[in-house]
Amino acid sequence: MIGLVGGPETGKTHLLAAMIGAIEQGGLRPYGLTTDAVDIERHAEYVNSYVRPLLVERAALSRTTHRATAEPVDALLVNDGRHTTAVAFFDIAGELLRSATHEATRFVPALGGLLFVIDAATRSARMGDESFRAVLDRLPKTGGRLDIPAAIAVTKSDAVRFQAPVDTWLYAEPDGLDPAAVLRESRDVYAYLHRRGRRRG
């Protein structure tokens, strides 16, 4: 399980819908991966309610509500030709993660990775809100560092699409998985966030 963590209105719901939409369009095939829905009806409902409105109708999605239960919005079986792995996607309002007793927090200790979602257009001095801290406090650490891999996704980049280095990466078509390109883009992302006054907090 990979957790998408970010403050309110950072675009987590849109990012998740875009990711599943890209998978639907065969976005994992260049990497030798194929997918099938775990639950065909649940997957179809998610595509019709979120993916199609966002990618086809170009409609803004409503903000995640306070769901009473922490149910996955979709789940896929990912196959690399040898092994099949089930990947579940959760979209939970960040406010619920702040409660130590809410059901939504039960899967946090089982996370295998984190994707921190940062709004490119905001000039906030902090890279998130209390939901960041609520998740981090529940994860194992060694010497103050997380024991699981983490990455940063910068959302709403179209709002700053004419600024360097956003203009270099936003419309670039990936040509397979190039570690050197990943390193260069990561360098540019951190430099961009630093230039806009973003700090750990």
# chains A, B, ... in the order shown; residues from 1 in each chain; ligands from 1
call {"tool": "residues_around", "arguments": {"residues": "Tyr50 of chain A", "least_positions_apart": "2", "cutoff": "9 Å", "atoms": "only C-alpha atoms", "output": "list in words"}}
result
Thr13, His14, Ala17, Ala18, Glu45, Tyr46, Val47, Asn48, Arg52, Pro53, Leu54, Leu55 and Leu61 of chain A
call {"tool": "residues_around", "arguments": {"residues": "Asn79 of chain A", "least_positions_apart": "2", "cutoff": "10 Å", "atoms": "only C-alpha atoms", "output": "list in words"}}
result
Gly32, Leu33, Thr34, Thr35, Asp36, Leu76, Leu77, Gly81, Arg82, His83, Thr84, Thr85 and Ala86 of chain A
call {"tool": "residues_around", "arguments": {"residues": "Thr10 of chain A", "least_positions_apart": "6", "cutoff": "8 Å", "atoms": "only C-alpha atoms", "output": "JSON list (two decimals) with N, CA and C atoms, in the first residue's frame"}}
result
[["chain", "number", "residue", "atom", "x", "y", "z"],
["A", 117, "VAL", "N", 2.16, 14.85, -1.48],
["A", 117, "VAL", "CA", 1.55, 15.66, -2.53],
["A", 117, "VAL", "C", 1.67, 17.13, -2.17],
["A", 118, "ILE", "N", 2.35, 17.89, -3.03],
["A", 118, "ILE", "CA", 2.63, 19.30, -2.79],
["A", 118, "ILE", "C", 1.98, 20.13, -3.88],
["A", 119, "ASP", "N", 1.30, 21.20, -3.49],
["A", 119, "ASP", "CA", 0.65, 22.12, -4.43],
["A", 119, "ASP", "C", 1.71, 23.07, -4.99],
["A", 155, "THR", "N", 1.67, 18.80, -7.60],
["A", 155, "THR", "CA", 0.42, 18.91, -8.34],
["A", 155, "THR", "C", 0.16, 20.36, -8.76],
["A", 156, "LYS", "N", -0.85, 20.52, -9.60],
["A", 156, "LYS", "CA", -1.27, 21.84, -10.10],
["A", 156, "LYS", "C", -0.13, 22.56, -10.83]]
call {"tool": "closest_residue", "arguments": {"among": "A:Ala60, A:Leu183, A:Tyr192, A:Leu146", "to": "Asp167 of chain A", "atoms": "only C-alpha atoms"}}
result
A:Tyr192
call {"tool": "closest_residue", "arguments": {"among": "A:Gly144, A:Gly6, A:Pro165, A:Gly26", "to": "Ala191 of chain A", "atoms": "only C-alpha atoms"}}
result
A:Pro165
call {"tool": "select_by_dssp", "arguments": {"residues": "segment 11-184 of chain A", "states": "strand (DSSP E or B)", "output": "PyMOL selection string"}}
result
chain A and resi 34-37+74-79+84-89+113-119+126+141-142+145-146+150-155
call {"tool": "atom_distance", "arguments": {"atom1": "atom CA of Leu193 of chain A", "atom2": "atom CA of Ala59 of chain A"}}
result
27.5 Å
call {"tool": "closest_residue", "arguments": {"among": "A:Val87, A:Ala37, A:Ile2, A:Val108", "to": "Ala134 of chain A", "atoms": "only C-alpha atoms"}}
result
A:Val108
call {"tool": "residues_around", "arguments": {"residues": "Gly113 of chain A", "least_positions_apart": "5", "cutoff": "8 Å", "atoms": "only C-alpha atoms", "output": "list in words"}}
result
Met1, Ile2, Gly3, Ile148, Pro149 and Ala150 of chain A
call {"tool": "atom_distance", "arguments": {"atom1": "atom CA of His194 of chain A", "atom2": "atom CA of Ala164 of chain A"}}
result
13.2 Å
call {"tool": "atom_distance", "arguments": {"atom1": "atom CA of Leu177 of chain A", "atom2": "atom CA of Val189 of chain A"}}
result
17.8 Å
call {"tool": "closest_residue", "arguments": {"among": "A:Tyr190, A:Phe162, A:Phe107, A:Phe116", "to": "Leu139 of chain A", "atoms": "only C-alpha atoms"}}
result
A:Phe107
call {"tool": "decode", "arguments": {"residues": "segment 35-47 of chain A", "atoms": "N, CA, C and O atoms", "output": "compact mmCIF listing (two decimals), in the first residue's frame"}}
result
# COMPACT_ATOMS: atom_id res chain seq x y z
N THR A 35 -2.53 -5.01 -15.92
CA THR A 35 -3.42 -4.88 -14.76
C THR A 35 -4.80 -5.42 -15.06
O THR A 35 -5.26 -5.43 -16.20
N ASP A 36 -5.44 -5.87 -14.00
CA ASP A 36 -6.85 -6.27 -14.03
C ASP A 36 -7.50 -5.74 -12.75
O ASP A 36 -6.83 -5.56 -11.74
N ALA A 37 -8.80 -5.51 -12.81
CA ALA A 37 -9.52 -5.04 -11.64
C ALA A 37 -9.73 -6.17 -10.65
O ALA A 37 -10.03 -7.30 -11.03
N VAL A 38 -9.56 -5.89 -9.37
CA VAL A 38 -9.89 -6.87 -8.33
C VAL A 38 -11.40 -7.04 -8.26
O VAL A 38 -11.92 -8.15 -8.22
N ASP A 39 -12.11 -5.92 -8.24
CA ASP A 39 -13.57 -5.90 -8.21
C ASP A 39 -14.03 -5.10 -9.42
O ASP A 39 -13.89 -3.88 -9.47
N ILE A 40 -14.59 -5.79 -10.41
CA ILE A 40 -14.95 -5.14 -11.68
C ILE A 40 -15.97 -4.03 -11.47
O ILE A 40 -15.85 -2.94 -12.05
N GLU A 41 -16.96 -4.26 -10.62
CA GLU A 41 -17.99 -3.25 -10.40
C GLU A 41 -17.43 -2.03 -9.68
O GLU A 41 -17.74 -0.89 -10.03
N ARG A 42 -16.60 -2.24 -8.67
CA ARG A 42 -16.00 -1.11 -7.94
C ARG A 42 -15.10 -0.30 -8.87
O ARG A 42 -15.10 0.93 -8.84
N HIS A 43 -14.32 -1.00 -9.70
CA HIS A 43 -13.42 -0.32 -10.63
C HIS A 43 -14.22 0.51 -11.64
O HIS A 43 -13.88 1.67 -11.90
N ALA A 44 -15.30 -0.08 -12.19
CA ALA A 44 -16.12 0.64 -13.16
C ALA A 44 -16.76 1.87 -12.52
O ALA A 44 -16.85 2.93 -13.16
N GLU A 45 -17.20 1.73 -11.28
CA GLU A 45 -17.81 2.87 -10.58
C GLU A 45 -16.79 3.99 -10.38
O GLU A 45 -17.12 5.17 -10.56
N TYR A 46 -15.55 3.62 -10.02
CA TYR A 46 -14.53 4.65 -9.82
C TYR A 46 -14.19 5.35 -11.13
O TYR A 46 -14.07 6.58 -11.18
N VAL A 47 -14.04 4.57 -12.19
CA VAL A 47 -13.73 5.17 -13.50
C VAL A 47 -14.85 6.11 -13.93
O VAL A 47 -14.58 7.23 -14.40
